[in-house]
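Dumped upload_39.cif below, it's mmCIF, C-alpha atoms and all ligand atoms:
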```cif
data_input
loop_
_atom_site.label_atom_id
_atom_site.label_comp_id
_atom_site.auth_asym_id
_atom_site.auth_seq_id
_atom_site.Cartn_x
_atom_site.Cartn_y
_atom_site.Cartn_z
CA MET O 36 135.17 66.56 71.37
CA SER O 37 133.69 63.70 73.48
CA GLU O 38 130.53 64.25 75.53
CA PRO O 39 130.91 65.11 79.24
CA ARG O 40 130.53 62.11 81.56
CA ILE O 41 129.44 64.02 84.66
CA ILE O 42 126.51 66.36 84.23
CA PHE O 43 125.35 68.63 87.04
CA ILE O 44 121.83 69.98 87.18
CA GLY O 45 122.44 73.05 89.34
CA ALA O 46 125.48 75.27 89.84
CA GLY O 47 125.11 76.11 93.54
CA ASN O 48 127.20 75.48 96.64
CA MET O 49 127.16 71.69 96.55
CA ALA O 50 127.78 71.45 92.81
CA ARG O 51 130.71 73.83 93.25
CA ALA O 52 132.21 71.81 96.14
CA ILE O 53 131.97 68.53 94.21
CA ILE O 54 133.33 70.03 90.98
CA ALA O 55 136.29 71.47 92.90
CA GLY O 56 136.94 68.00 94.35
CA LEU O 57 136.68 66.31 90.96
CA ARG O 58 139.12 68.77 89.40
CA ARG O 59 141.55 68.26 92.33
CA ARG O 60 141.32 64.54 91.56
CA GLY O 61 142.38 65.22 87.98
CA ILE O 62 139.02 64.86 86.21
CA ALA O 63 139.23 67.07 83.11
CA GLY O 64 136.99 70.15 82.96
CA GLY O 65 135.72 68.97 79.57
CA ASP O 66 134.38 65.82 81.23
CA ILE O 67 132.03 67.89 83.40
CA ALA O 68 129.01 69.95 82.29
CA VAL O 69 126.90 72.26 84.44
CA HIS O 70 123.28 73.11 83.64
CA ALA O 71 121.72 76.10 85.44
CA PRO O 72 119.40 78.98 84.51
CA HIS O 73 121.62 81.92 85.52
CA LEU O 74 124.48 82.55 83.13
CA GLU O 75 126.75 84.31 85.67
CA ARG O 76 126.68 81.42 88.16
CA ARG O 77 127.49 78.66 85.71
CA GLU O 78 129.98 80.81 83.79
CA ALA O 79 131.80 81.47 87.07
CA LEU O 80 132.24 77.70 87.45
CA ALA O 81 133.35 77.43 83.83
CA ARG O 82 135.99 80.14 84.37
CA GLU O 83 137.26 78.72 87.65
CA PHE O 84 137.24 75.01 86.82
CA GLY O 85 137.17 74.83 83.02
CA VAL O 86 133.86 72.92 83.04
CA ILE O 87 131.27 73.18 80.25
CA SER O 88 128.54 75.72 81.03
CA ARG O 89 125.09 75.03 79.62
CA ALA O 90 121.58 76.47 79.88
CA ALA O 91 119.15 74.68 82.23
CA GLU O 92 117.45 72.76 79.43
CA ALA O 93 118.02 69.02 79.19
CA VAL O 94 120.25 67.65 76.42
CA PRO O 95 121.05 64.10 75.30
CA VAL O 96 123.62 62.54 77.63
CA ALA O 97 126.48 60.15 76.87
CA ALA O 98 125.68 56.47 77.43
CA ASP O 99 128.09 56.18 80.38
CA ALA O 100 127.18 59.55 81.92
CA THR O 101 126.20 60.30 85.51
CA VAL O 102 123.59 63.03 85.88
CA VAL O 103 123.94 64.66 89.30
CA TYR O 104 120.89 66.50 90.63
CA ALA O 105 122.23 69.47 92.61
CA ALA O 106 119.28 71.88 92.49
CA LYS O 107 116.74 72.35 95.30
CA PRO O 108 114.50 69.42 96.34
CA LYS O 109 111.36 71.53 95.80
CA GLN O 110 112.21 72.02 92.12
CA ILE O 111 112.78 68.37 91.33
CA GLY O 112 109.21 67.77 90.13
CA THR O 113 109.49 70.53 87.53
CA ILE O 114 113.11 69.90 86.48
CA LEU O 115 113.30 66.11 86.12
CA PRO O 116 110.56 65.36 83.59
CA SER O 117 112.55 67.19 80.91
CA TRP O 118 115.59 64.94 81.62
CA ARG O 119 113.62 61.69 81.55
CA ALA O 120 113.97 60.97 77.82
CA ALA O 121 117.73 61.66 77.83
CA LEU O 122 118.23 59.37 80.82
CA GLU O 123 115.93 56.65 79.53
CA ALA O 124 118.03 56.48 76.35
CA GLY O 125 120.72 55.48 78.94
CA PRO O 126 122.45 53.40 80.34
CA GLY O 127 123.64 56.46 82.33
CA ILE O 128 122.82 56.81 86.02
CA PHE O 129 121.02 59.46 88.03
CA LEU O 130 122.51 60.59 91.33
CA SER O 131 120.33 62.80 93.52
CA LEU O 132 121.59 65.13 96.23
CA ALA O 133 118.05 66.30 97.00
CA ALA O 134 117.39 65.98 100.72
CA GLY O 135 114.30 63.95 101.57
CA VAL O 136 113.38 62.94 98.00
CA THR O 137 112.97 59.15 98.06
CA SER O 138 114.03 56.63 95.42
CA ALA O 139 110.34 55.89 94.83
CA SER O 140 109.69 59.57 94.00
CA LEU O 141 112.74 59.68 91.73
CA LYS O 142 111.59 56.55 89.89
CA ARG O 143 108.13 58.04 89.53
CA LEU O 144 109.66 61.13 87.89
CA LEU O 145 112.23 59.32 85.72
CA GLY O 146 110.52 56.01 85.01
CA PRO O 147 111.52 52.54 86.16
CA LYS O 148 114.38 52.06 83.64
CA VAL O 149 116.72 54.76 84.97
CA PRO O 150 119.13 53.63 87.73
CA VAL O 151 118.64 56.10 90.60
CA LEU O 152 120.98 56.64 93.54
CA ARG O 153 120.64 59.02 96.47
CA CYS O 154 123.36 60.68 98.48
CA MET O 155 123.68 63.14 101.32
CA PRO O 156 126.99 65.00 101.53
CA ASN O 157 127.78 67.68 104.13
CA THR O 158 129.43 71.09 104.01
CA PRO O 159 133.02 70.07 104.91
CA ALA O 160 132.90 68.73 101.33
CA GLN O 161 133.97 72.29 100.46
CA ILE O 162 137.46 71.45 101.76
CA GLY O 163 137.49 67.79 100.75
CA ALA O 164 136.57 66.65 104.29
CA GLY O 165 132.95 65.75 103.62
CA MET O 166 131.01 62.78 104.94
CA THR O 167 128.55 61.42 102.40
CA THR O 168 126.00 58.67 102.89
CA LEU O 169 124.70 56.92 99.78
CA TYR O 170 121.77 54.65 99.05
CA ALA O 171 120.79 52.61 96.01
CA ASP O 172 118.28 49.80 95.74
CA ALA O 173 119.13 46.26 94.64
CA SER O 174 118.50 47.04 90.96
CA VAL O 175 121.60 49.28 90.84
CA THR O 176 124.73 47.37 89.82
CA ALA O 177 128.10 47.39 91.58
CA GLU O 178 129.62 49.34 88.65
CA GLN O 179 126.88 51.98 88.88
CA ARG O 180 127.43 52.29 92.64
CA ALA O 181 131.17 52.64 92.05
CA ALA O 182 130.59 55.39 89.48
CA ALA O 183 128.48 57.38 91.96
CA GLU O 184 130.90 56.79 94.82
CA ALA O 185 133.85 57.94 92.70
CA ILE O 186 132.18 61.35 92.35
CA LEU O 187 131.48 61.81 96.06
CA ALA O 188 134.82 60.34 97.12
CA ALA O 189 136.37 63.44 95.52
CA VAL O 190 135.03 65.48 98.47
CA GLY O 191 135.59 63.13 101.38
CA ARG O 192 134.52 59.82 102.87
CA CYS O 193 131.55 57.76 101.62
CA LEU O 194 129.38 55.23 103.46
CA TRP O 195 126.58 53.15 101.95
CA LEU O 196 123.31 52.62 103.79
CA GLU O 197 121.47 49.35 103.15
CA ASP O 198 118.14 50.73 104.36
CA GLU O 199 116.77 53.89 102.73
CA GLY O 200 114.74 54.55 105.87
CA LEU O 201 118.02 55.36 107.67
CA MET O 202 118.76 58.23 105.28
CA ASP O 203 116.76 60.59 107.56
CA ALA O 204 118.88 59.64 110.57
CA ALA O 205 122.13 59.95 108.59
CA THR O 206 121.03 63.37 107.33
CA ALA O 207 120.17 64.48 110.87
CA LEU O 208 123.55 63.28 112.18
CA ALA O 209 126.05 64.07 109.43
CA GLY O 210 124.15 66.41 107.08
CA SER O 211 123.24 68.85 109.87
CA GLY O 212 126.09 67.70 112.11
CA PRO O 213 128.71 70.27 111.09
CA ALA O 214 126.41 72.99 112.45
CA TYR O 215 126.18 71.17 115.83
CA VAL O 216 129.95 70.96 116.07
CA LEU O 217 130.29 74.63 115.11
CA LEU O 218 127.84 75.57 117.88
CA PHE O 219 129.88 73.46 120.33
CA LEU O 220 133.06 75.22 119.16
CA GLU O 221 131.43 78.58 119.74
CA ALA O 222 130.29 77.55 123.23
CA LEU O 223 133.78 76.29 124.17
CA GLU O 224 135.36 79.48 122.84
CA ASP O 225 132.97 81.62 124.88
CA ALA O 226 133.64 79.53 128.00
CA GLY O 227 137.39 80.11 127.52
CA VAL O 228 136.85 83.86 127.14
CA PHE O 229 134.73 83.82 130.31
CA GLN O 230 137.76 82.36 132.12
CA GLY O 231 139.97 85.21 130.89
CA LEU O 232 141.53 83.87 127.67
CA PRO O 233 141.83 86.34 124.77
CA ARG O 234 139.17 85.44 122.15
CA ALA O 235 141.69 84.63 119.43
CA THR O 236 143.50 82.26 121.81
CA ALA O 237 140.25 80.62 122.97
CA ARG O 238 139.22 80.10 119.35
CA ILE O 239 142.45 78.36 118.41
CA LEU O 240 142.36 76.20 121.56
CA ALA O 241 138.75 75.15 120.89
CA GLN O 242 139.33 74.42 117.18
CA GLU O 243 142.51 72.42 117.63
CA THR O 244 141.08 70.50 120.58
CA VAL O 245 137.96 69.40 118.68
CA LEU O 246 140.00 68.57 115.58
CA GLY O 247 142.63 66.66 117.59
CA ALA O 248 140.04 64.71 119.61
CA ALA O 249 138.15 63.72 116.44
CA ARG O 250 141.37 62.59 114.76
CA LEU O 251 142.41 60.67 117.88
CA ALA O 252 139.02 58.92 118.03
CA LYS O 253 139.27 58.04 114.34
CA GLU O 254 142.89 56.89 114.33
CA ALA O 255 142.86 55.02 117.65
CA GLN O 256 139.91 52.94 116.42
CA MET O 257 138.57 52.75 119.98
CA ALA O 258 135.23 53.71 121.44
CA PRO O 259 135.28 57.38 122.52
CA SER O 260 134.42 56.29 126.09
CA ASN O 261 137.67 54.24 126.32
CA LEU O 262 139.77 57.17 125.17
CA ARG O 263 137.94 59.45 127.57
CA HIS O 264 138.62 57.18 130.53
CA GLN O 265 142.35 57.32 129.68
CA VAL O 266 142.39 61.09 130.24
CA THR O 267 140.06 61.19 133.24
CA SER O 268 141.96 60.95 136.56
CA PRO O 269 139.79 60.12 139.56
CA ALA O 270 138.64 63.32 141.24
CA GLY O 271 140.61 65.35 138.68
CA THR O 272 139.74 68.41 136.64
CA THR O 273 138.41 66.49 133.61
CA ALA O 274 136.20 64.35 135.88
CA ALA O 275 134.78 67.51 137.45
CA ALA O 276 133.94 68.98 134.04
CA LEU O 277 132.56 65.73 132.64
CA ALA O 278 130.14 65.46 135.55
CA VAL O 279 128.68 68.79 134.44
CA TRP O 280 128.50 67.79 130.75
CA GLU O 281 126.74 64.55 131.75
CA GLU O 282 123.93 66.56 133.36
CA GLY O 283 122.44 67.17 129.95
CA LEU O 284 124.64 66.58 126.92
CA ARG O 285 123.43 63.08 125.95
CA ALA O 286 119.76 63.98 126.33
CA LEU O 287 120.31 67.17 124.31
CA ALA O 288 122.07 65.22 121.54
CA GLN O 289 119.14 62.77 121.39
CA ARG O 290 116.58 65.56 121.28
CA ALA O 291 118.53 67.61 118.72
CA VAL O 292 118.97 64.70 116.29
CA GLN O 293 115.32 63.67 116.80
CA ALA O 294 114.25 67.27 116.02
CA ALA O 295 116.29 67.20 112.79
CA VAL O 296 114.78 63.82 111.80
CA ASP O 297 111.24 65.08 112.49
CA ARG O 298 111.80 68.31 110.58
CA GLY O 299 113.45 66.45 107.69
CA ARG O 300 110.44 64.13 107.41
CA ALA O 301 108.00 67.05 107.52
CA LEU O 302 109.95 68.89 104.79
CA ALA O 303 110.15 65.69 102.72
CA GLN O 304 106.37 65.32 102.99
CA MET O 305 105.89 68.95 101.84
CA THR O 306 108.33 68.39 98.95
CA GLU O 307 106.50 65.19 97.98
CA GLU O 308 103.14 67.01 97.93
CA HIS O 309 104.67 69.92 95.99
CA ASN O 310 106.15 67.55 93.39
CA GLN O 311 102.97 65.47 92.89
N1 LIG M 1 124.45 72.72 100.86
C1 LIG M 1 124.50 71.61 101.59
O1 LIG M 1 125.07 71.56 102.68
C2 LIG M 1 123.84 70.35 101.12
C3 LIG M 1 124.14 69.17 101.77
C4 LIG M 1 123.58 68.00 101.29
C5 LIG M 1 122.72 68.01 100.21
N2 LIG M 1 122.41 69.20 99.63
C6 LIG M 1 121.48 69.18 98.50
O2 LIG M 1 122.16 69.68 97.38
C7 LIG M 1 121.24 70.34 96.52
C8 LIG M 1 121.80 71.69 96.15
O3 LIG M 1 121.99 72.45 97.34
P1 LIG M 1 122.84 73.80 97.29
O4 LIG M 1 123.05 74.21 98.68
O5 LIG M 1 124.01 73.62 96.39
O6 LIG M 1 121.77 74.78 96.57
P2 LIG M 1 122.00 76.20 95.86
O7 LIG M 1 123.34 76.76 96.20
O8 LIG M 1 120.78 77.02 96.14
O9 LIG M 1 122.01 75.83 94.31
C9 LIG M 1 120.88 75.42 93.61
C10 LIG M 1 121.19 75.48 92.13
O10 LIG M 1 120.07 74.99 91.39
C11 LIG M 1 120.04 75.71 90.17
N3 LIG M 1 118.77 75.60 89.45
C12 LIG M 1 117.59 76.22 89.69
N4 LIG M 1 116.68 75.88 88.72
C13 LIG M 1 117.32 75.03 87.88
C14 LIG M 1 116.95 74.34 86.68
N5 LIG M 1 115.73 74.45 86.18
N6 LIG M 1 117.86 73.55 86.07
C15 LIG M 1 119.11 73.44 86.55
N7 LIG M 1 119.53 74.06 87.68
C16 LIG M 1 118.65 74.86 88.33
C17 LIG M 1 120.34 77.11 90.60
O11 LIG M 1 120.71 77.81 89.44
P3 LIG M 1 121.21 79.34 89.38
O12 LIG M 1 122.56 79.33 90.01
O13 LIG M 1 121.28 79.61 87.91
O14 LIG M 1 120.19 80.12 90.12
C18 LIG M 1 121.48 76.87 91.59
O15 LIG M 1 122.71 76.86 90.91
C19 LIG M 1 119.90 70.38 97.25
O16 LIG M 1 119.04 69.39 96.72
C20 LIG M 1 120.25 70.05 98.68
O17 LIG M 1 119.20 69.32 99.32
C21 LIG M 1 122.98 70.36 100.03
#
```

Rewrite the coordinates I just gave you, this time as structure tokens.
Amino acid sequence: MSEPRIIFIGAGNMARAIIAGLRRRGIAGGDIAVHAPHLERREALAREFGVISRAAEAVPVAADATVVYAAKPKQIGTILPSWRAALEAGPGIFLSLAAGVTSASLKRLLGPKVPVLRCMPNTPAQIGAGMTTLYADASVTAEQRAAAEAILAAVGRCLWLEDEGLMDAATALAGSGPAYVLLFLEALEDAGVFQGLPRATARILAQETVLGAARLAKEAQMAPSNLRHQVTSPAGTTAAALAVWEEGLRALAQRAVQAAVDRGRALAQMTEEHNQ
């Protein structure tokens, strides 16, 4: 049997989401291996998706393999050194999902020869509607970028960042973003209930409205403000509500994303110190 070409370190939520996407895309289970310490977790993936389940220990990897780091950022300093020799024998690539762990740190752990790429997916990846940002430095070839993107494209849309420094902002917007939208959904639902709608009705109205507006914004390829003006009659109901939202929504969005960036940088600093 040939060696698996996609090797996951970690069998948690994100590994599961990506494996499900890869299998939906027709990648054979035998092309994917999962390394994790707990037998039950990785065996569950093996049963559900037909992937190869392996103990956490590093093994030699096929020359064209992609090793995907899907364990916790804090553990990267203890896990990666054992994979260094296998990756250095290369020319496989290393794709890290670890939030806040920079390319410089990855190269320090794996050595300068291993092509390293970073990515930040988000939780809608679980249903194939993820938004992933990727970053690789200039030493990574177009083919290596395409190999990494093909994996993440199985769970949604991919965008490349040219500046690694923007990864914190992208993480604060899209990585944490699904939670902001869920909070907004909850608030809209509650406001509908306050006006007398049954909760189940308010929930459906809020969900479909947010989904429909996001699809409209995406498909119309227009700035959201233009679309908003089209549905805002002078002195109408939408104008009355928008005046209230404008009292604080933009400032809150700025502060919320800034808070996520600040916290992300603080956690990255702690991870960096932990992994030294
Ligand atoms: N969840 C998200 O929304 C999200 C979004 C973007 C990026 N990420 C990133 O994705 C990564 C994984 O997150 P997650 O939410 O999937 O975490 P998770 O569910 O906690 O999974 C972590 C996995 O790491 C495994 N692990 C622990 N020690 C290991 C070792 N020595 N060798 C191999 N595997 C080991 C665990 O194994 P056992 O199962 O055997 O305990 C577990 O399967 C993190 O770096 C995170 O920053 C997550």

Tell me, in Å to one decimal, how far atom CA of Ser268 of chain O is from atom CA of Ala252 of chain O.
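Separating atom CA of Ser268 of chain O from atom CA of Ala252 of chain O is a distance of 18.9 Å.
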
Answer as a PyMOL selection string, residues within 12 Å of (126.7, 55.3, 90.9) using all atoms listed in the file
chain O and resi 41+99-103+126-131+149-154+169-172+174-188+195

Residues of chain O at most 9 Å from ligand LIG 1 (chain M): nearest atom pair and distance in Å, all atoms listed in the file, as a Markdown table:
```
| residue | atom | partner | partner_atom | distance |
| --- | --- | --- | --- | --- |
| O:Phe43 | CA | M:LIG1 | C15 | 7.9 |
| O:Ile44 | CA | M:LIG1 | C15 | 4.4 |
| O:Gly45 | CA | M:LIG1 | N7 | 3.5 |
| O:Ala46 | CA | M:LIG1 | O15 | 3.4 |
| O:Gly47 | CA | M:LIG1 | O9 | 3.2 |
| O:Asn48 | CA | M:LIG1 | O5 | 3.7 |
| O:Met49 | CA | M:LIG1 | O5 | 3.7 |
| O:Ala50 | CA | M:LIG1 | O5 | 5.6 |
| O:Arg51 | CA | M:LIG1 | O5 | 7.4 |
| O:Ala52 | CA | M:LIG1 | O5 | 8.4 |
| O:Val69 | CA | M:LIG1 | C15 | 8.2 |
| O:His70 | CA | M:LIG1 | C15 | 5.1 |
| O:Ala71 | CA | M:LIG1 | N7 | 3.7 |
| O:Pro72 | CA | M:LIG1 | O13 | 3.9 |
| O:His73 | CA | M:LIG1 | O13 | 3.3 |
| O:Leu74 | CA | M:LIG1 | O13 | 6.5 |
| O:Glu75 | CA | M:LIG1 | O13 | 7.6 |
| O:Arg76 | CA | M:LIG1 | O12 | 5.0 |
| O:Arg77 | CA | M:LIG1 | O12 | 6.6 |
| O:Ala90 | CA | M:LIG1 | C15 | 7.7 |
| O:Ala91 | CA | M:LIG1 | N6 | 4.2 |
| O:Glu92 | CA | M:LIG1 | N6 | 6.7 |
| O:Ala93 | CA | M:LIG1 | N6 | 8.2 |
| O:Tyr104 | CA | M:LIG1 | O16 | 7.0 |
| O:Ala105 | CA | M:LIG1 | C7 | 4.1 |
| O:Ala106 | CA | M:LIG1 | O10 | 3.4 |
| O:Lys107 | CA | M:LIG1 | O16 | 4.0 |
| O:Pro108 | CA | M:LIG1 | O16 | 4.6 |
| O:Lys109 | CA | M:LIG1 | O16 | 8.0 |
| O:Gln110 | CA | M:LIG1 | N4 | 6.8 |
| O:Ile111 | CA | M:LIG1 | O16 | 8.3 |
| O:Thr113 | CA | M:LIG1 | N5 | 7.5 |
| O:Ile114 | CA | M:LIG1 | N5 | 5.3 |
| O:Leu115 | CA | M:LIG1 | N5 | 8.7 |
| O:Ser131 | CA | M:LIG1 | O16 | 7.4 |
| O:Leu132 | CA | M:LIG1 | C6 | 4.6 |
| O:Ala133 | CA | M:LIG1 | O16 | 3.3 |
| O:Ala134 | CA | M:LIG1 | O17 | 4.0 |
| O:Gly135 | CA | M:LIG1 | O17 | 7.6 |
| O:Val136 | CA | M:LIG1 | O16 | 8.7 |
| O:Cys154 | CA | M:LIG1 | C5 | 7.6 |
| O:Met155 | CA | M:LIG1 | C4 | 4.9 |
| O:Pro156 | CA | M:LIG1 | C4 | 4.5 |
| O:Asn157 | CA | M:LIG1 | C3 | 4.6 |
| O:Thr158 | CA | M:LIG1 | O1 | 4.6 |
| O:Pro159 | CA | M:LIG1 | O1 | 8.4 |
| O:Ala160 | CA | M:LIG1 | O1 | 8.4 |
| O:Thr167 | CA | M:LIG1 | C4 | 8.3 |
| O:Thr206 | CA | M:LIG1 | C4 | 8.0 |
| O:Gly210 | CA | M:LIG1 | C3 | 6.0 |
| O:Ser211 | CA | M:LIG1 | O1 | 7.9 |
```

Can you measure atom CA of Gly146 of chain O to atom CA of Gly112 of chain O for me? One decimal in Å is fine.
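Spanning atom CA of Gly146 of chain O to atom CA of Gly112 of chain O is a straight-line distance of 12.9 Å.
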
Straight-line distance linking atom CA of Asp203 of chain O with atom CA of Val190 of chain O, stated in Å to one decimal:
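Calculated distance between atom CA of Asp203 of chain O and atom CA of Val190 of chain O is 21.0 Å.
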